[in-house]
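Content type compact mmCIF, C-alpha atoms and all ligand atoms, from the file my_file-v3.txt:
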```
# COMPACT_ATOMS: atom_id res chain seq x y z
CA MET A 202 -1.21 43.13 -16.28
CA THR A 203 -0.62 43.14 -12.53
CA VAL A 204 -3.35 44.94 -10.62
CA GLY A 205 -2.38 46.52 -7.34
CA ARG A 206 1.13 46.27 -5.92
CA PRO A 207 1.77 42.72 -4.68
CA ARG A 208 4.68 42.29 -2.30
CA ALA A 209 7.78 41.54 -4.39
CA THR A 210 8.36 38.34 -2.46
CA VAL A 211 4.86 37.04 -3.29
CA ALA A 212 4.91 38.24 -6.90
CA ALA A 213 8.09 36.23 -7.44
CA MET A 214 6.57 33.01 -6.05
CA ALA A 215 5.35 30.17 -8.25
CA PRO A 216 1.74 29.09 -7.59
CA TYR A 217 1.28 26.12 -5.26
CA ARG A 218 1.12 22.87 -7.24
CA PRO A 219 -0.60 20.00 -5.45
CA GLY A 220 0.25 16.42 -6.43
CA LYS A 221 -1.37 15.66 -9.75
CA SER A 222 -4.85 14.10 -9.70
CA THR A 223 -5.61 10.98 -11.71
CA ALA A 224 -8.03 13.05 -13.82
CA MET A 225 -5.30 15.52 -14.76
CA ALA A 226 -2.82 12.79 -15.62
CA ALA A 227 -5.41 10.78 -17.54
CA ASP A 228 -6.33 13.87 -19.53
CA GLU A 229 -2.71 14.53 -20.45
CA HIS A 230 -2.01 11.00 -21.61
CA GLY A 231 -5.40 10.04 -23.02
CA LEU A 232 -6.03 7.38 -20.36
CA ASP A 233 -9.15 6.28 -18.54
CA ALA A 234 -9.06 8.21 -15.23
CA ALA A 235 -10.82 5.35 -13.44
CA ASP A 236 -7.89 3.12 -14.36
CA ALA A 237 -5.16 5.47 -13.09
CA VAL A 238 -3.76 5.24 -9.55
CA LYS A 239 -2.80 8.28 -7.47
CA LEU A 240 0.41 7.74 -5.56
CA SER A 241 1.50 11.37 -5.62
CA SER A 242 0.38 13.06 -2.37
CA ASN A 243 1.22 10.63 0.45
CA GLU A 244 -2.44 10.18 1.25
CA ASN A 245 -3.88 7.19 3.07
CA PRO A 246 -5.55 5.01 0.39
CA TYR A 247 -8.19 3.80 2.87
CA PRO A 248 -11.22 5.80 3.99
CA PRO A 249 -11.38 6.84 7.65
CA VAL A 250 -12.73 4.29 10.16
CA ALA A 251 -16.54 4.19 10.48
CA SER A 252 -16.78 6.03 13.81
CA VAL A 253 -14.89 8.99 12.32
CA VAL A 254 -17.15 9.13 9.28
CA GLU A 255 -20.17 9.04 11.60
CA ALA A 256 -18.82 11.84 13.80
CA VAL A 257 -18.17 14.06 10.77
CA ALA A 258 -21.59 13.29 9.30
CA ALA A 259 -23.28 14.12 12.61
CA ALA A 260 -21.39 17.41 12.84
CA ALA A 261 -22.41 18.41 9.32
CA GLY A 262 -25.84 19.40 10.63
CA GLU A 263 -24.22 21.92 12.98
CA VAL A 264 -22.16 23.99 10.56
CA ASN A 265 -24.53 26.97 10.64
CA ARG A 266 -22.67 27.98 13.84
CA TYR A 267 -18.98 28.81 14.04
CA GLY A 268 -17.00 26.06 15.67
CA ASP A 269 -14.83 26.44 18.77
CA HIS A 270 -11.93 28.66 17.68
CA GLY A 271 -9.66 27.23 20.37
CA ALA A 272 -10.63 23.58 19.67
CA THR A 273 -10.78 23.21 23.45
CA GLU A 274 -12.10 19.66 23.63
CA LEU A 275 -9.64 18.48 20.98
CA ARG A 276 -6.70 20.14 22.71
CA HIS A 277 -7.63 18.50 26.00
CA ALA A 278 -7.94 15.11 24.30
CA LEU A 279 -4.53 15.59 22.66
CA ALA A 280 -2.96 16.67 25.97
CA GLY A 281 -4.33 13.56 27.65
CA TRP A 282 -3.17 11.32 24.84
CA LEU A 283 0.34 12.80 24.70
CA GLY A 284 0.75 13.28 28.44
CA VAL A 285 1.44 17.03 28.27
CA ASP A 286 -0.20 20.12 29.72
CA VAL A 287 -3.02 21.51 27.59
CA ALA A 288 -1.18 24.88 27.48
CA GLN A 289 1.53 23.11 25.47
CA VAL A 290 -0.89 21.95 22.77
CA VAL A 291 -1.68 23.92 19.62
CA THR A 292 -4.00 23.02 16.78
CA GLY A 293 -3.98 24.42 13.28
CA CYS A 294 -5.40 24.10 9.79
CA GLY A 295 -3.25 21.08 8.99
CA SER A 296 0.32 20.98 10.19
CA VAL A 297 1.12 23.22 7.20
CA GLY A 298 -1.16 25.76 8.85
CA LEU A 299 0.77 25.49 12.12
CA LEU A 300 4.03 25.73 10.26
CA GLN A 301 2.92 28.95 8.60
CA GLN A 302 1.80 30.25 12.01
CA LEU A 303 5.28 29.52 13.38
CA PHE A 304 6.86 31.46 10.51
CA LEU A 305 4.42 34.36 10.93
CA SER A 306 5.15 34.48 14.66
CA TYR A 307 8.93 34.15 14.55
CA VAL A 308 10.39 35.09 11.15
CA ASP A 309 10.94 38.75 10.26
CA PRO A 310 12.24 39.78 6.82
CA GLY A 311 15.95 38.91 6.72
CA ASP A 312 15.75 36.26 9.44
CA GLU A 313 17.29 32.93 8.54
CA VAL A 314 15.49 29.59 8.50
CA VAL A 315 17.66 26.49 8.33
CA TYR A 316 16.52 23.13 6.98
CA PRO A 317 18.03 20.12 5.25
CA TRP A 318 17.21 19.96 1.55
CA PRO A 319 15.46 18.37 -0.35
CA SER A 320 12.67 18.36 2.18
CA PHE A 321 9.03 19.40 2.44
CA GLU A 322 8.17 21.96 -0.22
CA ALA A 323 6.03 24.07 2.13
CA TYR A 324 9.17 25.29 3.94
CA PRO A 325 10.54 27.54 1.15
CA VAL A 326 7.01 28.84 0.51
CA ASP A 327 6.75 30.02 4.12
CA VAL A 328 10.23 31.53 3.89
CA ARG A 329 9.10 33.57 0.90
CA ILE A 330 5.80 34.60 2.44
CA THR A 331 7.59 36.00 5.46
CA GLY A 332 10.56 37.46 3.58
CA GLY A 333 12.97 35.25 5.48
CA VAL A 334 16.23 33.88 4.16
CA GLU A 335 16.41 30.21 3.25
CA VAL A 336 19.46 28.30 4.43
CA ALA A 337 19.15 24.91 2.72
CA VAL A 338 21.63 22.29 3.95
CA PRO A 339 22.25 19.51 1.39
CA LEU A 340 21.37 15.95 2.36
CA VAL A 341 24.15 13.36 2.45
CA ASP A 342 23.16 9.91 1.16
CA HIS A 343 19.51 11.08 1.10
CA ALA A 344 19.61 11.74 4.86
CA PHE A 345 20.19 14.69 7.19
CA ASP A 346 23.75 15.78 7.85
CA MET A 347 23.11 16.99 11.39
CA ASP A 348 26.61 18.47 11.85
CA SER A 349 26.11 20.66 8.80
CA VAL A 350 22.63 21.65 9.98
CA ALA A 351 24.06 22.78 13.33
CA ALA A 352 26.94 24.58 11.60
CA ALA A 353 24.48 26.51 9.40
CA VAL A 354 22.89 28.23 12.42
CA THR A 355 23.96 31.89 12.81
CA PRO A 356 22.87 34.77 15.07
CA ARG A 357 20.22 35.56 12.40
CA THR A 358 18.64 32.09 12.61
CA LYS A 359 15.12 31.97 14.04
CA LEU A 360 13.99 28.48 13.06
CA VAL A 361 15.52 25.11 12.26
CA VAL A 362 12.99 22.81 10.60
CA LEU A 363 13.45 19.04 10.43
CA ALA A 364 10.92 16.80 8.70
CA ASN A 365 11.39 13.49 10.51
CA PRO A 366 10.89 11.17 8.62
CA ASN A 367 11.95 13.42 5.77
CA ASN A 368 9.68 14.10 2.82
CA PRO A 369 10.57 13.19 0.04
CA THR A 370 13.43 10.82 0.96
CA GLY A 371 11.74 8.86 3.78
CA THR A 372 14.91 8.80 5.86
CA ALA A 373 14.78 9.50 9.60
CA VAL A 374 17.01 10.43 12.52
CA HIS A 375 16.90 9.23 16.14
CA VAL A 376 15.80 11.71 18.80
CA ASP A 377 19.35 11.54 20.27
CA GLU A 378 20.69 13.14 17.09
CA ILE A 379 18.10 15.88 17.38
CA ARG A 380 19.11 16.40 21.02
CA THR A 381 22.75 16.83 20.01
CA LEU A 382 21.67 19.46 17.49
CA VAL A 383 19.46 21.25 20.02
CA GLU A 384 22.33 21.35 22.50
CA ARG A 385 24.54 22.98 19.85
CA VAL A 386 22.16 25.78 18.84
CA PRO A 387 21.30 28.86 20.95
CA ASP A 388 18.26 28.50 23.25
CA ASP A 389 16.39 31.22 21.36
CA VAL A 390 16.38 29.28 18.09
CA LEU A 391 13.24 27.19 17.68
CA VAL A 392 13.90 23.65 16.49
CA VAL A 393 10.74 22.45 14.75
CA VAL A 394 10.40 18.69 14.37
CA ASP A 395 7.78 18.03 11.71
CA GLU A 396 6.52 14.51 12.38
CA ALA A 397 3.80 14.27 9.73
CA TYR A 398 4.77 10.61 9.18
CA ARG A 399 5.64 9.59 12.74
CA GLU A 400 2.97 6.87 12.94
CA PHE A 401 4.62 4.95 10.09
CA VAL A 402 7.98 4.63 11.85
CA THR A 403 8.52 0.99 12.87
CA VAL A 404 12.00 1.26 14.41
CA ASP A 405 12.74 2.91 17.75
CA LEU A 406 13.61 6.54 17.06
CA GLY A 407 12.50 7.87 20.44
CA ASP A 408 9.82 10.50 20.96
CA PRO A 409 10.67 14.22 20.99
CA VAL A 410 7.51 14.99 23.01
CA THR A 411 8.68 12.92 25.98
CA ASP A 412 12.45 12.89 25.33
CA LEU A 413 13.15 16.49 24.27
CA VAL A 414 10.39 18.99 25.01
CA PRO A 415 10.60 18.68 28.84
CA ASP A 416 14.29 19.70 28.88
CA HIS A 417 14.34 21.92 25.79
CA PRO A 418 11.51 24.46 25.63
CA ASN A 419 12.75 25.63 22.21
CA VAL A 420 11.72 22.30 20.61
CA VAL A 421 8.38 22.33 18.80
CA VAL A 422 6.85 19.06 17.58
CA LEU A 423 4.26 19.09 14.78
CA ARG A 424 1.95 16.18 13.96
CA THR A 425 -1.14 15.69 11.83
CA PHE A 426 -4.28 13.67 11.27
CA SER A 427 -3.78 13.92 7.50
CA LYS A 428 -1.53 10.97 6.73
CA ALA A 429 -1.71 7.91 9.00
CA TYR A 430 -5.14 8.86 10.32
CA GLY A 431 -6.47 9.35 6.81
CA LEU A 432 -8.12 12.74 7.42
CA ALA A 433 -6.22 14.84 4.85
CA ALA A 434 -9.29 16.71 3.63
CA LEU A 435 -10.44 17.65 7.15
CA ARG A 436 -7.28 19.69 7.88
CA THR A 437 -6.26 19.10 11.49
CA GLY A 438 -2.67 19.52 12.51
CA TYR A 439 -1.43 19.75 16.07
CA GLY A 440 1.72 20.56 17.90
CA VAL A 441 3.44 20.41 21.26
CA ALA A 442 5.44 23.45 22.28
CA ASP A 443 6.39 25.55 25.27
CA PRO A 444 3.28 27.44 26.48
CA SER A 445 4.92 30.76 25.53
CA VAL A 446 5.44 29.50 21.97
CA ALA A 447 1.88 28.15 21.86
CA GLU A 448 0.65 31.59 22.93
CA GLN A 449 2.41 33.38 20.04
CA VAL A 450 1.43 30.79 17.47
CA ASP A 451 -2.22 30.97 18.54
CA LYS A 452 -2.32 34.72 17.91
CA VAL A 453 -1.96 34.23 14.16
CA LEU A 454 -4.41 31.35 13.75
CA ILE A 455 -7.06 32.38 11.23
CA PRO A 456 -10.37 32.50 13.13
CA PHE A 457 -12.08 29.07 13.15
CA ALA A 458 -9.46 27.61 10.77
CA VAL A 459 -9.64 24.28 12.58
CA ASN A 460 -13.22 23.83 11.49
CA HIS A 461 -16.01 22.11 13.37
CA LEU A 462 -15.98 18.96 11.21
CA ALA A 463 -12.22 18.69 11.60
CA GLN A 464 -12.49 18.92 15.38
CA LYS A 465 -15.23 16.30 15.64
CA GLY A 466 -13.53 13.95 13.19
CA SER A 467 -10.17 14.26 14.94
CA LEU A 468 -11.71 13.61 18.37
CA ALA A 469 -13.33 10.46 17.00
CA ALA A 470 -10.01 9.43 15.45
CA ILE A 471 -8.23 9.71 18.79
CA ALA A 472 -10.92 7.52 20.35
CA ALA A 473 -10.51 4.99 17.51
CA ARG A 474 -6.73 4.88 17.48
CA ASP A 475 -6.49 1.12 18.07
CA GLU A 476 -8.59 0.61 14.95
CA VAL A 477 -6.47 3.10 13.01
CA GLN A 478 -3.34 1.20 14.05
CA VAL A 479 -4.55 -1.80 12.04
CA VAL A 480 -4.61 0.38 8.90
CA ILE A 481 -1.18 1.78 9.70
CA ASP A 482 0.23 -1.73 10.14
CA ARG A 483 -1.19 -2.71 6.77
CA LEU A 484 0.51 0.27 5.12
CA THR A 485 3.90 -0.24 6.75
CA ALA A 486 3.85 -3.94 5.78
CA GLU A 487 3.13 -2.89 2.20
CA ARG A 488 5.90 -0.29 2.34
CA ASP A 489 8.39 -2.93 3.44
CA ARG A 490 7.18 -5.27 0.69
CA VAL A 491 7.60 -2.55 -1.97
CA VAL A 492 11.11 -1.66 -0.75
CA VAL A 493 12.20 -5.30 -0.96
CA ALA A 494 10.65 -5.67 -4.42
CA LEU A 495 12.40 -2.53 -5.65
CA ARG A 496 15.78 -3.59 -4.29
CA ASP A 497 15.31 -7.08 -5.76
CA GLY A 498 14.64 -5.33 -9.06
CA GLY A 499 17.99 -3.55 -8.82
CA TRP A 500 16.67 -0.12 -7.85
CA GLU A 501 18.55 1.88 -5.24
CA VAL A 502 16.12 2.86 -2.49
CA PRO A 503 17.03 4.44 0.86
CA ASP A 504 15.42 3.01 4.00
CA ALA A 505 11.77 4.06 4.00
CA HIS A 506 10.30 5.17 7.34
CA ALA A 507 7.10 6.86 6.10
CA ASN A 508 4.25 5.89 3.77
CA PHE A 509 6.22 6.41 0.58
CA VAL A 510 9.37 5.25 -1.16
CA TRP A 511 12.05 7.39 -2.73
CA LEU A 512 13.71 6.60 -6.04
CA PRO A 513 16.81 8.80 -6.23
CA LEU A 514 17.06 8.73 -10.02
CA GLY A 515 18.86 12.04 -10.53
CA GLY A 516 18.96 12.82 -14.24
CA ARG A 517 16.83 9.77 -15.08
CA THR A 518 13.87 11.24 -13.16
CA ASP A 519 12.60 13.18 -16.12
CA GLU A 520 12.63 10.10 -18.33
CA VAL A 521 11.12 7.61 -15.84
CA PHE A 522 8.37 9.87 -14.49
CA PRO A 523 6.41 10.47 -17.75
CA GLU A 524 6.71 6.77 -18.56
CA LEU A 525 5.02 5.84 -15.25
CA GLU A 526 2.34 8.42 -15.88
CA ARG A 527 1.70 7.08 -19.36
CA GLN A 528 1.02 3.75 -17.68
CA GLY A 529 -1.52 5.39 -15.37
CA VAL A 530 0.69 5.50 -12.28
CA VAL A 531 0.69 9.07 -10.97
CA VAL A 532 3.70 9.75 -8.75
CA ARG A 533 5.53 12.84 -7.54
CA PRO A 534 8.62 13.90 -9.49
CA PHE A 535 11.34 16.18 -8.15
CA PRO A 536 12.92 17.18 -11.48
CA GLY A 537 16.53 16.12 -11.75
CA VAL A 538 16.50 14.61 -8.25
CA GLY A 539 14.12 11.69 -7.88
CA ILE A 540 10.60 10.32 -7.68
CA ARG A 541 8.48 9.92 -4.57
CA VAL A 542 5.90 7.14 -4.66
CA THR A 543 3.16 6.90 -2.03
CA ILE A 544 2.27 3.48 -0.65
CA GLY A 545 -1.28 2.65 -1.73
CA THR A 546 -3.38 -0.49 -1.59
CA PRO A 547 -1.60 -3.76 -2.50
CA ALA A 548 -3.17 -3.64 -5.98
CA GLU A 549 -2.01 -0.03 -6.51
CA ASN A 550 1.50 -0.87 -5.36
CA ASP A 551 1.58 -3.82 -7.74
CA ARG A 552 0.56 -1.48 -10.56
CA PHE A 553 3.51 0.75 -9.72
CA LEU A 554 5.98 -2.14 -9.48
CA ALA A 555 4.75 -3.61 -12.78
CA ALA A 556 4.96 -0.24 -14.53
CA LEU A 557 8.50 0.27 -13.29
CA ALA A 558 9.52 -3.24 -14.31
CA ARG A 559 8.28 -2.53 -17.83
CA LEU A 560 10.67 0.39 -18.29
C1 LIG A 601 2.02 16.06 4.30
C2 LIG A 601 3.00 16.80 5.17
C3 LIG A 601 2.57 17.73 6.11
C4 LIG A 601 1.21 18.15 6.24
O1 LIG A 601 0.21 18.06 6.35
P1 LIG A 601 -1.16 18.64 6.81
O2 LIG A 601 -2.13 17.96 5.94
O3 LIG A 601 -1.11 20.10 6.59
O4 LIG A 601 -1.26 18.30 8.25
C5 LIG A 601 3.48 18.33 6.94
N1 LIG A 601 4.78 18.03 6.86
C6 LIG A 601 5.25 17.17 5.96
C7 LIG A 601 6.69 16.89 5.92
C8 LIG A 601 4.37 16.54 5.08
O5 LIG A 601 4.86 15.73 4.15
```
Have the structure of the file written as C-alpha cells, please.
Ligand SMILES: *Cc1c(COP(=O)(O)O)cnc(C)c1O
Amino acid sequence: MTVGRPRATVAAMAPYRPGKSTAMAADEHGLDAADAVKLSSNENPYPPVASVVEAVAAAAGEVNRYGDHGATELRHALAGWLGVDVAQVVTGCGSVGLLQQLFLSYVDPGDEVVYPWPSFEAYPVDVRITGGVEVAVPLVDHAFDMDSVAAAVTPRTKLVVLANPNNPTGTAVHVDEIRTLVERVPDDVLVVVDEAYREFVTVDLGDPVTDLVPDHPNVVVLRTFSKAYGLAALRTGYGVADPSVAEQVDKVLIPFAVNHLAQKGSLAAIAARDEVQVVIDRLTAERDRVVVALRDGGWEVPDAHANFVWLPLGGRTDEVFPELERQGVVVRPFPGVGIRVTIGTPAENDRFLAALARL
C-alpha cells in the first residue's frame, strides 16, 4: 500500500541500484566474499595517500560542529589550482550532487535535457526527479555523435550533458568538438561537461576550463575527488561555471552537504596532487595493459580514456556477466548492451582477464 501521495514521477522511478558489492555477489553465487573482486563502481582500488587519511582523521574530532556550508577554504584552493575566480567555483555532495543542483536550478517540468546515450545513469534519474523530458541521442560506434546532439537541441532545451570521458563506454571527445557544439546551441542552454574521469585521460583533449569557459559562460565543467583522487566515500564534487550559474546552483545545496571531513580531505588531496599522480599513472598503465590483453584475446574494445574498459557485447552481455560473477569477478552489466569493468590492482585485473579467457 502506498502511504501519502508521492509525485507520479517519483512513484514511477526504480530505486537507485549501486554497483554490486562483493558480499552481495558472493552470497548469490555461494562464493567466499574475501576472494571476490569488485570492479563494478569505477572506484580507485588504492586507499587515499597518507596525508589525506591524516587530515580526515584529525577532522573527525571536530564533527560536533557544523562544517563551513560554503566550503570557503576549499573553493579558494580550487580556484587557485584551476586558475579561475573563486566566484566561478562551486562545490557539492559529489559531482552527482552538483548535477542534481543544476537540474533543480534549471529544469522545470516539461523542459528538455539532451545527452548522448548510453551514458551516466544519474542523468535520467535527475530528469525524472525534476519532471523534465529526456532527449537521449544514440551513440555511434560507442562514441558521441556531436552533430546529432546539436540537432537534438530545441527551444525547450535547458541542459545538454556530456560525460567526457563517457561512462560506460570510456570514449572521449576533444574540447574543439565541444566548442563546435556550444557554438551551435543557443547561449541560454547550459552545456554541462561532466569530467569525473578527466585525470585518467592520457591524450591531449584540451581543457574546457581554460579553453571554453572564458568565451562561453554557458559551459559548466564538473569534476570530482571520487575517482582518480580515491575519495569516493567522502563525497566532494566541484565545478567551474559562470558566477551567475554558481549563484543559482548554490541556492539549492543542502545545508552542509559538503561535510567537514570531505572539505579537509579534499584540501589535503589538492596539496598532495603530485603523490596522487603516481597512483593515477599506475592505473592508466594498467588500463592500457588490459585493453591490449583484451584485443589480443579477440575482444572488441573501444579506446579507453577513463579507469574502466567497455565490452560492447550486446545480446551476449546477459550470458557473459553471470559467468564472470560466478568466478568472483563483480562487474557492471548494462543488460543487452555491454559490460563495464573497472581497472583495479594488477592482481584484480588479471583475475578479470583470466575469468574472461575461461569463457
Ligand atoms: C562516478 C561518476 C560521477 C560521480 O561522482 P561523485 O562521486 O558524485 O563525484 C559523475 N559523473 C560520472 C560520469 C561518473 O561516472
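Considering only C-alpha atoms, the residue among A:Ala473, A:Val257, A:Ala351, A:Val338 positioned nearest to A:Ser320 is A:Val338.
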Compute the set of protein, DNA and RNA residues whose minimum atom distance to ligand LIG 601 (chain A) is at most 7 Å, using all atoms listed in the file, and state it as a VMD selection string. chain A and resid 243 294 to 298 321 364 367 to 368 395 to 397 424 to 428 433 436 to 438
Atoms kept (C-alpha atoms) for selection, written as a PDB file, in the coordinates of the input:
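Output saved as part_15.pdb:
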```
ATOM      1  CA  ASN A 243       1.220  10.630   0.450  1.00  0.00           C
ATOM      2  CA  CYS A 294      -5.400  24.100   9.790  1.00  0.00           C
ATOM      3  CA  GLY A 295      -3.250  21.080   8.990  1.00  0.00           C
ATOM      4  CA  SER A 296       0.320  20.980  10.190  1.00  0.00           C
ATOM      5  CA  VAL A 297       1.120  23.220   7.200  1.00  0.00           C
ATOM      6  CA  GLY A 298      -1.160  25.760   8.850  1.00  0.00           C
ATOM      7  CA  PHE A 321       9.030  19.400   2.440  1.00  0.00           C
ATOM      8  CA  ALA A 364      10.920  16.800   8.700  1.00  0.00           C
ATOM      9  CA  ASN A 367      11.950  13.420   5.770  1.00  0.00           C
ATOM     10  CA  ASN A 368       9.680  14.100   2.820  1.00  0.00           C
ATOM     11  CA  ASP A 395       7.780  18.030  11.710  1.00  0.00           C
ATOM     12  CA  GLU A 396       6.520  14.510  12.380  1.00  0.00           C
ATOM     13  CA  ALA A 397       3.800  14.270   9.730  1.00  0.00           C
ATOM     14  CA  ARG A 424       1.950  16.180  13.960  1.00  0.00           C
ATOM     15  CA  THR A 425      -1.140  15.690  11.830  1.00  0.00           C
ATOM     16  CA  PHE A 426      -4.280  13.670  11.270  1.00  0.00           C
ATOM     17  CA  SER A 427      -3.780  13.920   7.500  1.00  0.00           C
ATOM     18  CA  LYS A 428      -1.530  10.970   6.730  1.00  0.00           C
ATOM     19  CA  ALA A 433      -6.220  14.840   4.850  1.00  0.00           C
ATOM     20  CA  ARG A 436      -7.280  19.690   7.880  1.00  0.00           C
ATOM     21  CA  THR A 437      -6.260  19.100  11.490  1.00  0.00           C
ATOM     22  CA  GLY A 438      -2.670  19.520  12.510  1.00  0.00           C
TER      23      GLY A 438
END
```
For A:Ser349: contacts at 10 Å, all atoms listed in the file, fewer than 3 positions along chain excluded, given as an MDAnalysis selection string: chainID A and resid 317 338:341 345:346 352:354 382
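Closest to A:Asp309 among A:Glu524, A:Asp377, A:Asp551, A:Asp327 is A:Asp327, based on all atoms listed in the file.
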Excluding same-chain residues fewer than 5 positions from A:Ala337, what lies within 8 Å of it counting only C-alpha atoms, as a PDB file with C-alpha atoms, keeping the file's coordinate frame?
```
ATOM      1  CA  VAL A 315      17.660  26.490   8.330  1.00  0.00           C
ATOM      2  CA  TYR A 316      16.520  23.130   6.980  1.00  0.00           C
ATOM      3  CA  PRO A 317      18.030  20.120   5.250  1.00  0.00           C
ATOM      4  CA  TRP A 318      17.210  19.960   1.550  1.00  0.00           C
TER       5      TRP A 318
END
```
Nearby residues (all atoms listed in the file) at most 12 Å from A:Leu512, same-chain spacing under 2 positions excluded, as a VMD selection string: chain A and resid 343 369 to 371 491 to 492 495 to 496 499 to 505 509 to 510 514 to 518 521 to 522 532 to 543 557
In terms of all atoms listed in the file, the residue from A:Val253, A:Ala227, A:Val314, A:Val328 at minimal distance from A:Thr210 is A:Val328
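From atom CA of A:Glu322 back to atom CA of A:Asp519, the distance works out to 18.7 Å.
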Fill-in result for stretch 245-265 of chain A, N, CA and C atoms as a PDB file, in the coordinates of the input:
```pdb
ATOM      1  N   ASN A 245      -3.487   8.533   2.645  1.00  0.00           N
ATOM      2  CA  ASN A 245      -3.880   7.190   3.070  1.00  0.00           C
ATOM      3  C   ASN A 245      -4.873   6.667   2.029  1.00  0.00           C
ATOM      4  N   PRO A 246      -4.640   5.484   1.440  1.00  0.00           N
ATOM      5  CA  PRO A 246      -5.550   5.010   0.390  1.00  0.00           C
ATOM      6  C   PRO A 246      -6.892   4.517   0.946  1.00  0.00           C
ATOM      7  N   TYR A 247      -6.967   4.338   2.269  1.00  0.00           N
ATOM      8  CA  TYR A 247      -8.190   3.800   2.870  1.00  0.00           C
ATOM      9  C   TYR A 247      -9.047   4.916   3.466  1.00  0.00           C
ATOM     10  N   PRO A 248     -10.363   4.783   3.365  1.00  0.00           N
ATOM     11  CA  PRO A 248     -11.220   5.800   3.990  1.00  0.00           C
ATOM     12  C   PRO A 248     -11.070   5.766   5.507  1.00  0.00           C
ATOM     13  N   PRO A 249     -11.480   6.842   6.189  1.00  0.00           N
ATOM     14  CA  PRO A 249     -11.380   6.840   7.650  1.00  0.00           C
ATOM     15  C   PRO A 249     -12.231   5.721   8.252  1.00  0.00           C
ATOM     16  N   VAL A 250     -11.947   5.343   9.494  1.00  0.00           N
ATOM     17  CA  VAL A 250     -12.730   4.290  10.160  1.00  0.00           C
ATOM     18  C   VAL A 250     -14.162   4.802  10.353  1.00  0.00           C
ATOM     19  N   ALA A 251     -15.108   3.870  10.500  1.00  0.00           N
ATOM     20  CA  ALA A 251     -16.540   4.190  10.480  1.00  0.00           C
ATOM     21  C   ALA A 251     -16.937   5.227  11.546  1.00  0.00           C
ATOM     22  N   SER A 252     -16.365   5.113  12.738  1.00  0.00           N
ATOM     23  CA  SER A 252     -16.780   6.030  13.810  1.00  0.00           C
ATOM     24  C   SER A 252     -16.384   7.480  13.484  1.00  0.00           C
ATOM     25  N   VAL A 253     -15.316   7.648  12.725  1.00  0.00           N
ATOM     26  CA  VAL A 253     -14.890   8.990  12.320  1.00  0.00           C
ATOM     27  C   VAL A 253     -15.856   9.547  11.271  1.00  0.00           C
ATOM     28  N   VAL A 254     -16.201   8.703  10.319  1.00  0.00           N
ATOM     29  CA  VAL A 254     -17.150   9.130   9.280  1.00  0.00           C
ATOM     30  C   VAL A 254     -18.475   9.531   9.926  1.00  0.00           C
ATOM     31  N   GLU A 255     -18.907   8.732  10.906  1.00  0.00           N
ATOM     32  CA  GLU A 255     -20.170   9.040  11.600  1.00  0.00           C
ATOM     33  C   GLU A 255     -20.084  10.356  12.363  1.00  0.00           C
ATOM     34  N   ALA A 256     -18.980  10.598  13.014  1.00  0.00           N
ATOM     35  CA  ALA A 256     -18.820  11.840  13.800  1.00  0.00           C
ATOM     36  C   ALA A 256     -18.853  13.056  12.881  1.00  0.00           C
ATOM     37  N   VAL A 257     -18.198  12.938  11.718  1.00  0.00           N
ATOM     38  CA  VAL A 257     -18.170  14.060  10.770  1.00  0.00           C
ATOM     39  C   VAL A 257     -19.565  14.282  10.197  1.00  0.00           C
ATOM     40  N   ALA A 258     -20.234  13.179   9.866  1.00  0.00           N
ATOM     41  CA  ALA A 258     -21.590  13.290   9.300  1.00  0.00           C
ATOM     42  C   ALA A 258     -22.536  13.942  10.305  1.00  0.00           C
ATOM     43  N   ALA A 259     -22.411  13.553  11.575  1.00  0.00           N
ATOM     44  CA  ALA A 259     -23.280  14.120  12.610  1.00  0.00           C
ATOM     45  C   ALA A 259     -23.015  15.613  12.770  1.00  0.00           C
ATOM     46  N   ALA A 260     -21.760  16.002  12.649  1.00  0.00           N
ATOM     47  CA  ALA A 260     -21.390  17.410  12.840  1.00  0.00           C
ATOM     48  C   ALA A 260     -21.815  18.272  11.654  1.00  0.00           C
ATOM     49  N   ALA A 261     -22.070  17.639  10.520  1.00  0.00           N
ATOM     50  CA  ALA A 261     -22.410  18.410   9.320  1.00  0.00           C
ATOM     51  C   ALA A 261     -23.693  19.215   9.524  1.00  0.00           C
ATOM     52  N   GLY A 262     -24.583  18.702  10.363  1.00  0.00           N
ATOM     53  CA  GLY A 262     -25.840  19.400  10.630  1.00  0.00           C
ATOM     54  C   GLY A 262     -25.678  20.596  11.559  1.00  0.00           C
ATOM     55  N   GLU A 263     -24.452  20.843  11.997  1.00  0.00           N
ATOM     56  CA  GLU A 263     -24.220  21.920  12.980  1.00  0.00           C
ATOM     57  C   GLU A 263     -23.393  23.070  12.412  1.00  0.00           C
ATOM     58  N   VAL A 264     -23.132  23.015  11.082  1.00  0.00           N
ATOM     59  CA  VAL A 264     -22.160  23.990  10.560  1.00  0.00           C
ATOM     60  C   VAL A 264     -22.740  25.390  10.329  1.00  0.00           C
ATOM     61  N   ASN A 265     -24.011  25.597  10.686  1.00  0.00           N
ATOM     62  CA  ASN A 265     -24.530  26.970  10.640  1.00  0.00           C
ATOM     63  C   ASN A 265     -23.870  27.843  11.701  1.00  0.00           C
TER      64      ASN A 265
END
```
